[in-house]
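Data block for final.cif (mmCIF, C-alpha atoms):
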data_target
#
loop_
_atom_site.label_atom_id
_atom_site.label_comp_id
_atom_site.auth_asym_id
_atom_site.auth_seq_id
_atom_site.Cartn_x
_atom_site.Cartn_y
_atom_site.Cartn_z
CA MET A 16 -114.42 -80.24 51.59
CA LEU A 17 -116.93 -78.09 49.74
CA ARG A 18 -115.88 -75.09 51.80
CA ARG A 19 -112.20 -75.71 50.97
CA SER A 20 -112.99 -75.97 47.26
CA PHE A 21 -115.03 -72.78 47.45
CA VAL A 22 -112.16 -70.89 49.14
CA LEU A 23 -109.64 -72.16 46.63
CA GLY A 24 -111.92 -71.22 43.79
CA CYS A 25 -112.35 -67.71 45.14
CA ALA A 26 -108.57 -67.34 45.60
CA ALA A 27 -107.93 -68.46 42.03
CA ALA A 28 -110.53 -66.06 40.70
CA ALA A 29 -109.02 -63.20 42.71
CA LEU A 30 -105.54 -64.05 41.42
CA ALA A 31 -106.78 -64.16 37.83
CA ALA A 32 -108.46 -60.78 38.29
CA LEU A 33 -105.27 -59.35 39.77
CA ILE A 34 -103.22 -60.65 36.82
CA GLN A 35 -105.69 -59.21 34.35
CA THR A 36 -105.56 -55.87 36.13
CA ALA A 37 -101.77 -55.81 36.33
CA ALA A 38 -101.06 -57.07 32.81
CA PRO A 39 -102.29 -53.97 30.93
CA SER A 40 -100.37 -51.77 33.37
CA ALA A 41 -97.17 -53.75 32.79
CA ALA A 42 -97.72 -53.67 29.05
CA ARG A 43 -98.22 -49.93 29.14
CA ALA A 44 -94.95 -49.50 31.10
CA ALA A 45 -93.08 -51.72 28.65
CA ASP A 46 -94.53 -49.75 25.73
CA ARG A 47 -93.44 -46.35 27.04
CA PHE A 48 -90.85 -45.39 24.50
CA ILE A 49 -90.05 -42.71 21.97
CA THR A 50 -88.38 -43.00 18.58
CA VAL A 51 -85.53 -40.59 17.89
CA ALA A 52 -84.29 -40.10 14.33
CA SER A 53 -80.67 -39.13 14.68
CA THR A 54 -77.33 -39.04 12.95
CA THR A 55 -74.84 -41.89 12.92
CA SER A 56 -72.30 -39.74 14.75
CA THR A 57 -74.31 -39.65 17.96
CA GLU A 58 -74.65 -43.43 17.78
CA ASP A 59 -71.18 -44.38 16.48
CA SER A 60 -69.42 -42.09 18.94
CA GLY A 61 -70.96 -44.01 21.84
CA LEU A 62 -72.74 -40.91 23.18
CA PHE A 63 -76.22 -42.44 23.19
CA GLY A 64 -74.95 -45.56 24.92
CA SER A 65 -73.67 -43.30 27.68
CA ILE A 66 -76.51 -40.81 28.20
CA LEU A 67 -79.75 -42.62 27.30
CA PRO A 68 -79.71 -45.04 30.26
CA LYS A 69 -79.55 -42.00 32.56
CA PHE A 70 -82.62 -40.46 30.95
CA THR A 71 -84.54 -43.75 31.07
CA ALA A 72 -83.63 -44.31 34.73
CA LYS A 73 -84.96 -40.86 35.60
CA THR A 74 -88.18 -40.93 33.54
CA GLY A 75 -89.02 -44.55 32.70
CA ILE A 76 -89.06 -43.59 29.00
CA GLU A 77 -87.06 -45.82 26.67
CA VAL A 78 -85.38 -44.10 23.72
CA ARG A 79 -85.21 -46.10 20.50
CA VAL A 80 -82.72 -44.53 18.11
CA VAL A 81 -82.88 -44.82 14.34
CA ALA A 82 -79.37 -43.75 13.30
CA LYS A 83 -79.12 -42.45 9.74
CA GLY A 84 -77.28 -39.72 7.90
CA THR A 85 -78.85 -36.34 8.71
CA GLY A 86 -80.67 -36.13 5.36
CA GLN A 87 -82.21 -39.58 5.82
CA ALA A 88 -83.08 -38.86 9.46
CA ILE A 89 -84.89 -35.68 8.40
CA ASP A 90 -86.80 -37.59 5.70
CA LEU A 91 -87.82 -40.15 8.33
CA ALA A 92 -89.12 -37.39 10.61
CA LYS A 93 -90.91 -35.71 7.70
CA ARG A 94 -92.90 -38.91 7.21
CA GLY A 95 -93.92 -38.87 10.85
CA ASP A 96 -91.88 -41.99 11.61
CA ALA A 97 -90.12 -40.45 14.61
CA ASP A 98 -91.10 -38.45 17.67
CA VAL A 99 -87.88 -36.46 17.94
CA LEU A 100 -85.23 -35.36 15.41
CA PHE A 101 -81.65 -34.92 16.68
CA VAL A 102 -79.17 -34.05 13.91
CA HIS A 103 -76.30 -31.76 12.89
CA HIS A 104 -76.93 -29.53 9.91
CA LYS A 105 -78.41 -26.22 11.04
CA PRO A 106 -79.65 -25.02 7.61
CA SER A 107 -81.61 -28.27 7.17
CA GLU A 108 -82.90 -28.07 10.74
CA ASP A 109 -84.09 -24.47 10.26
CA ARG A 110 -85.83 -25.52 7.04
CA PHE A 111 -87.51 -28.42 8.89
CA VAL A 112 -89.01 -25.91 11.32
CA ALA A 113 -89.91 -23.40 8.59
CA GLU A 114 -91.83 -26.09 6.72
CA GLY A 115 -93.91 -26.83 9.80
CA PHE A 116 -92.49 -30.24 10.66
CA ALA A 117 -91.45 -28.83 14.05
CA THR A 118 -92.34 -25.66 15.91
CA GLU A 119 -88.96 -25.11 17.55
CA ARG A 120 -85.32 -26.11 17.25
CA LYS A 121 -83.10 -26.20 20.30
CA PRO A 122 -79.29 -26.29 20.24
CA VAL A 123 -77.79 -29.11 22.29
CA MET A 124 -74.04 -29.46 21.81
CA TYR A 125 -71.15 -29.11 19.39
CA ASN A 126 -67.82 -30.60 18.44
CA ASP A 127 -65.86 -30.33 15.20
CA PHE A 128 -64.92 -32.07 11.99
CA VAL A 129 -61.37 -33.13 11.18
CA VAL A 130 -59.63 -34.26 8.01
CA VAL A 131 -57.91 -37.59 8.55
CA GLY A 132 -55.51 -39.29 6.18
CA PRO A 133 -52.45 -41.50 5.96
CA ALA A 134 -49.57 -40.65 8.25
CA GLY A 135 -47.36 -40.48 5.16
CA ASP A 136 -49.53 -37.57 3.95
CA PRO A 137 -48.84 -37.63 0.18
CA ALA A 138 -50.78 -34.37 -0.31
CA GLY A 139 -48.73 -32.54 2.32
CA VAL A 140 -51.64 -31.12 4.35
CA LYS A 141 -50.53 -32.07 7.86
CA GLY A 142 -50.83 -29.24 10.38
CA SER A 143 -52.84 -26.96 8.09
CA LYS A 144 -55.46 -24.75 9.77
CA ASP A 145 -56.98 -23.86 6.38
CA VAL A 146 -59.27 -26.71 5.37
CA ALA A 147 -60.02 -25.24 1.92
CA ALA A 148 -56.31 -25.02 1.11
CA ALA A 149 -55.83 -28.58 2.36
CA LEU A 150 -58.61 -29.90 0.13
CA SER A 151 -57.07 -28.07 -2.83
CA LYS A 152 -53.77 -29.83 -2.16
CA ILE A 153 -55.49 -33.23 -1.96
CA ALA A 154 -57.20 -32.56 -5.29
CA GLU A 155 -53.97 -31.36 -6.90
CA ALA A 156 -52.12 -34.46 -5.71
CA LYS A 157 -55.05 -36.66 -6.86
CA ALA A 158 -54.66 -38.44 -3.53
CA PRO A 159 -57.55 -40.82 -2.71
CA PHE A 160 -60.39 -39.06 -0.90
CA VAL A 161 -63.38 -41.05 0.37
CA SER A 162 -66.71 -39.22 0.70
CA ARG A 163 -69.68 -40.57 2.60
CA GLY A 164 -71.93 -39.51 -0.28
CA ASP A 165 -75.03 -40.23 1.83
CA ASP A 166 -76.56 -36.76 2.36
CA SER A 167 -75.52 -36.88 6.02
CA GLY A 168 -74.59 -33.79 8.00
CA THR A 169 -70.94 -34.72 7.54
CA ASN A 170 -71.42 -35.17 3.79
CA LYS A 171 -73.22 -31.81 3.55
CA ALA A 172 -70.36 -30.17 5.45
CA GLU A 173 -67.77 -31.83 3.20
CA LEU A 174 -69.49 -30.65 0.01
CA ALA A 175 -69.74 -27.11 1.40
CA LEU A 176 -66.00 -27.17 2.14
CA TRP A 177 -65.17 -28.26 -1.42
CA LYS A 178 -67.33 -25.37 -2.62
CA THR A 179 -65.35 -23.02 -0.38
CA ALA A 180 -62.21 -24.36 -2.06
CA LYS A 181 -63.86 -23.59 -5.45
CA LEU A 182 -63.68 -27.24 -6.47
CA ASP A 183 -66.22 -29.81 -7.62
CA PRO A 184 -64.55 -33.15 -6.91
CA ALA A 185 -67.45 -35.09 -8.44
CA LYS A 186 -66.34 -33.74 -11.83
CA ALA A 187 -62.65 -34.38 -11.23
CA ASP A 188 -60.76 -36.84 -13.38
CA GLY A 189 -58.37 -39.53 -12.25
CA GLY A 190 -60.80 -41.45 -10.04
CA TRP A 191 -59.20 -40.18 -6.84
CA TYR A 192 -62.54 -38.98 -5.37
CA ARG A 193 -64.70 -41.91 -4.19
CA SER A 194 -68.30 -41.29 -3.08
CA ILE A 195 -69.46 -44.53 -1.45
CA GLY A 196 -72.93 -43.78 -0.03
CA GLN A 197 -72.10 -45.23 3.39
CA GLY A 198 -72.00 -44.16 7.03
CA MET A 199 -68.99 -42.77 8.84
CA GLY A 200 -67.61 -46.10 10.06
CA PRO A 201 -67.54 -47.75 6.60
CA THR A 202 -66.14 -44.51 5.12
CA LEU A 203 -63.27 -44.52 7.60
CA ASN A 204 -62.67 -48.20 6.88
CA ALA A 205 -62.56 -47.45 3.15
CA ALA A 206 -60.14 -44.54 3.66
CA ALA A 207 -57.87 -46.77 5.75
CA ALA A 208 -57.96 -49.50 3.10
CA MET A 209 -57.21 -47.00 0.28
CA ASN A 210 -54.55 -45.11 2.24
CA GLY A 211 -56.73 -42.08 1.58
CA TYR A 212 -58.21 -38.99 3.16
CA THR A 213 -61.72 -38.25 4.47
CA LEU A 214 -63.69 -35.81 6.59
CA THR A 215 -65.07 -37.16 9.86
CA ASP A 216 -66.74 -35.81 12.96
CA ARG A 217 -64.36 -35.97 15.87
CA GLY A 218 -66.74 -37.96 18.07
CA THR A 219 -66.88 -40.92 15.69
CA TRP A 220 -63.13 -40.68 15.11
CA LEU A 221 -62.32 -40.88 18.81
CA ASN A 222 -64.47 -44.01 19.17
CA PHE A 223 -63.19 -45.59 15.93
CA LYS A 224 -60.92 -48.59 16.49
CA ASN A 225 -59.82 -49.64 12.99
CA ARG A 226 -57.66 -46.60 12.21
CA GLY A 227 -54.90 -48.42 10.34
CA PRO A 228 -52.64 -45.78 8.72
CA LEU A 229 -55.05 -42.90 9.41
CA THR A 230 -54.31 -39.95 11.66
CA VAL A 231 -55.74 -36.46 12.16
CA LEU A 232 -54.05 -34.10 9.72
CA VAL A 233 -56.24 -30.98 9.51
CA GLU A 234 -58.12 -29.43 12.42
CA GLY A 235 -58.80 -26.09 14.07
CA ASP A 236 -60.36 -24.17 11.16
CA LYS A 237 -63.54 -22.44 12.38
CA ARG A 238 -65.28 -23.78 9.25
CA LEU A 239 -65.00 -27.25 10.81
CA PHE A 240 -67.42 -26.32 13.63
CA ASN A 241 -70.16 -28.96 14.05
CA GLN A 242 -73.39 -27.95 15.84
CA TYR A 243 -76.21 -30.33 16.86
CA GLY A 244 -79.88 -29.43 17.30
CA VAL A 245 -83.01 -31.23 18.53
CA MET A 246 -86.68 -30.85 17.55
CA LEU A 247 -90.01 -32.39 18.53
CA VAL A 248 -91.80 -33.62 15.42
CA ASN A 249 -94.96 -31.51 15.15
CA PRO A 250 -97.93 -33.39 16.69
CA ALA A 251 -100.32 -31.03 14.87
CA LYS A 252 -99.03 -32.55 11.62
CA PHE A 253 -98.69 -36.10 12.98
CA PRO A 254 -101.18 -36.74 15.84
CA HIS A 255 -99.56 -40.08 16.73
CA VAL A 256 -96.32 -38.34 17.82
CA LYS A 257 -95.64 -38.96 21.52
CA ALA A 258 -95.44 -35.27 22.25
CA ALA A 259 -95.26 -35.34 26.06
CA ASP A 260 -92.54 -38.00 26.27
CA GLY A 261 -90.66 -36.57 23.29
CA GLN A 262 -90.67 -33.13 24.89
CA ALA A 263 -89.52 -34.68 28.17
CA PHE A 264 -86.46 -36.04 26.35
CA ILE A 265 -85.71 -32.68 24.74
CA ASP A 266 -86.15 -30.85 28.06
CA TRP A 267 -83.77 -33.31 29.72
CA LEU A 268 -81.13 -32.92 26.98
CA VAL A 269 -81.02 -29.15 27.42
CA SER A 270 -81.33 -29.23 31.23
CA ALA A 271 -78.33 -28.92 33.52
CA GLU A 272 -78.51 -32.67 34.17
CA GLY A 273 -78.60 -33.61 30.48
CA GLN A 274 -75.89 -31.15 29.55
CA LYS A 275 -73.66 -32.56 32.29
CA ALA A 276 -74.27 -36.10 31.03
CA ILE A 277 -73.12 -35.00 27.57
CA ALA A 278 -70.03 -33.22 28.92
CA ASP A 279 -69.13 -36.20 31.10
CA TYR A 280 -68.88 -38.58 28.14
CA LYS A 281 -65.18 -39.02 27.41
CA ILE A 282 -62.87 -41.50 25.74
CA ASN A 283 -59.37 -41.82 27.20
CA GLY A 284 -60.01 -38.60 29.10
CA GLU A 285 -60.97 -36.64 25.96
CA GLN A 286 -64.37 -34.96 25.85
CA LEU A 287 -66.30 -35.75 22.64
CA PHE A 288 -69.15 -33.22 22.75
CA PHE A 289 -69.49 -29.78 24.32
CA PRO A 290 -72.94 -28.76 25.57
CA ASN A 291 -74.21 -25.32 24.52
CA ALA A 292 -78.00 -25.45 24.92
CA ASN A 293 -78.09 -21.98 26.43
CA GLU A 294 -75.87 -20.29 23.88
CA PRO A 295 -77.79 -17.73 21.78
CA GLY A 296 -77.71 -18.38 18.06
CA ALA A 297 -76.17 -21.86 18.37
#

So that I can check it, write out the structure of this file as structure tokens.
Amino acid sequence: MLRRSFVLGCAAAALAALIQTAAPSAARAADRFITVASTTSTEDSGLFGSILPKFTAKTGIEVRVVAKGTGQAIDLAKRGDADVLFVHHKPSEDRFVAEGFATERKPVMYNDFVVVGPAGDPAGVKGSKDVAAALSKIAEAKAPFVSRGDDSGTNKAELALWKTAKLDPAKADGGWYRSIGQGMGPTLNAAAAMNGYTLTDRGTWLNFKNRGPLTVLVEGDKRLFNQYGVMLVNPAKFPHVKAADGQAFIDWLVSAEGQKAIADYKINGEQLFFPNANEPGA
């Protein structure tokens, strides 16, 4: 009886030791993740939902996305609250590197912006390939235009296009220009509710379900080009950055496997993003 108790006691002790040994290992595996500050378009388009499981399956690294407008995502990364920055406004990205918050920017993919509006098209811009001329017509007609107004990459692009058209809609009278400080989804919802126009990235548009009266009216102008870039937040500035795992994610995005995953993401047979990691100057 004593011998049986001794054996059982030894077995229990061995099991407890095994659990204690395994538990930290399991915890470490569960804690292997990186934080990516990114734009709402990569999230709202469904791209991340498609490609991130493939990266995690290959590497065991979970990617936790904080989806903000590009300006807010950059601010997040500048505070050291992300390991990787993945956004779409090249001038801001280049400045992020120049200021030492990253040592390198890598191009990943592109798509384009489009102007959507009511099928009735009160401003008469349908089919235009000149986005500046189309915006001028919208302003002249005082047709409702909804701006994200959130310092996102899309908002920055929109403001640059108004500048190209030599217009400052924020100073316009008549209340037709509405800056709502929201993401792309709420902005599209507002445009649909107001029977108005807005600028959207094509990826979010293709994945957007509540289109109501909205349709694509202006596309194809080279000024509507939309490039995305990725950067590792500088571990020399923020030592807690998970540099190895963050770099592994970047390397995968620009690898043949990652680029194929991006190209393979389609909605109703239509490709949303076009990989160009190896294109000089992108």

Find the nearest atom pair between each residue of range 218-293 of chain A and range 71-89 of chain A for residues within 9 Å, count only C-alpha atoms, give distances in Å to one decimal, sort rows by chain and ascending number, and present the table as JSON lines.
{"residue": "A:Asp260", "atom": "CA", "partner": "A:Ile76", "partner_atom": "CA", "distance": 7.1}
{"residue": "A:Ala263", "atom": "CA", "partner": "A:Thr74", "partner_atom": "CA", "distance": 8.3}
{"residue": "A:Phe264", "atom": "CA", "partner": "A:Ile76", "partner_atom": "CA", "distance": 8.4}

Grab the residues selected above and save them as a PDB file, in the coordinates of the input with C-alpha atoms.
ATOM      1  CA  ASP A 260     -92.540 -38.000  26.270  1.00  0.00           C
ATOM      2  CA  ALA A 263     -89.520 -34.680  28.170  1.00  0.00           C
ATOM      3  CA  PHE A 264     -86.460 -36.040  26.350  1.00  0.00           C
TER       4      PHE A 264
END

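Residue neighbourhood of range 181-183 of chain A, excluding near-sequence residues (fewer than 6 positions): Ala147, Ala148, Ala149, Leu150, Ser151, Lys152, Ile153, Ala154, Glu155, Glu173, Leu174, Ala175 and Tyr192 of chain A, at 12 Å, using only C-alpha atoms.
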
Which polymer residues have any atom within 10 Å of an atom of range 196-200 of chain A, counting all atoms listed in the file, with same-chain residues fewer than 6 positions away left out, as a PDB file with C-alpha atoms, keeping the file's coordinate frame?
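Final output, selection_24.pdb:
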ATOM      1  CA  THR A  54     -77.330 -39.040  12.950  1.00  0.00           C
ATOM      2  CA  THR A  55     -74.840 -41.890  12.920  1.00  0.00           C
ATOM      3  CA  SER A  56     -72.300 -39.740  14.750  1.00  0.00           C
ATOM      4  CA  ASP A  59     -71.180 -44.380  16.480  1.00  0.00           C
ATOM      5  CA  SER A  60     -69.420 -42.090  18.940  1.00  0.00           C
ATOM      6  CA  ALA A  82     -79.370 -43.750  13.300  1.00  0.00           C
ATOM      7  CA  LYS A  83     -79.120 -42.450   9.740  1.00  0.00           C
ATOM      8  CA  GLY A  84     -77.280 -39.720   7.900  1.00  0.00           C
ATOM      9  CA  VAL A 161     -63.380 -41.050   0.370  1.00  0.00           C
ATOM     10  CA  SER A 162     -66.710 -39.220   0.700  1.00  0.00           C
ATOM     11  CA  ARG A 163     -69.680 -40.570   2.600  1.00  0.00           C
ATOM     12  CA  GLY A 164     -71.930 -39.510  -0.280  1.00  0.00           C
ATOM     13  CA  ASP A 165     -75.030 -40.230   1.830  1.00  0.00           C
ATOM     14  CA  ASP A 166     -76.560 -36.760   2.360  1.00  0.00           C
ATOM     15  CA  SER A 167     -75.520 -36.880   6.020  1.00  0.00           C
ATOM     16  CA  THR A 169     -70.940 -34.720   7.540  1.00  0.00           C
ATOM     17  CA  ASN A 170     -71.420 -35.170   3.790  1.00  0.00           C
ATOM     18  CA  ALA A 206     -60.140 -44.540   3.660  1.00  0.00           C
ATOM     19  CA  THR A 213     -61.720 -38.250   4.470  1.00  0.00           C
ATOM     20  CA  LEU A 214     -63.690 -35.810   6.590  1.00  0.00           C
ATOM     21  CA  THR A 215     -65.070 -37.160   9.860  1.00  0.00           C
ATOM     22  CA  ASP A 216     -66.740 -35.810  12.960  1.00  0.00           C
ATOM     23  CA  THR A 219     -66.880 -40.920  15.690  1.00  0.00           C
ATOM     24  CA  TRP A 220     -63.130 -40.680  15.110  1.00  0.00           C
ATOM     25  CA  ASN A 222     -64.470 -44.010  19.170  1.00  0.00           C
ATOM     26  CA  PHE A 223     -63.190 -45.590  15.930  1.00  0.00           C
ATOM     27  CA  LYS A 224     -60.920 -48.590  16.490  1.00  0.00           C
ATOM     28  CA  ASN A 225     -59.820 -49.640  12.990  1.00  0.00           C
TER      29      ASN A 225
END

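If you apply the PyMOL selection byres ((chain A and resi 267) around 12) to this structure, you end up with Ile66, Leu67, Lys69, Phe70, Thr71, Lys73, Thr74, Ile76, Lys121, Val123, Val245, Asp260, Gly261, Gln262, Ala263, Phe264, Ile265, Asp266, Leu268, Val269, Ser270, Ala271, Glu272, Gly273, Gln274, Lys275, Ala276, Ile277 and Ala292 of chain A.
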
* Between CA of Ile49 in chain A and CA of Lys252 in chain A, what is the spacing in Å? -> 17.1 Å

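For the pair CA of Ala113 in chain A and CA of Val51 in chain A, the interatomic distance is 20.0 Å.
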
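Computed from the coordinates, the CA of Phe48 in chain A to CA of Glu108 in chain A distance equals 23.5 Å.
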
* To do: For the structure shown, which residues end up in the PyMOL selection byres ((chain A and resi 191) around 10)? Put them as a PyMOL selection string, please?
  => chain A and resi 153-154+156-161+184-185+187-190+192-194+211
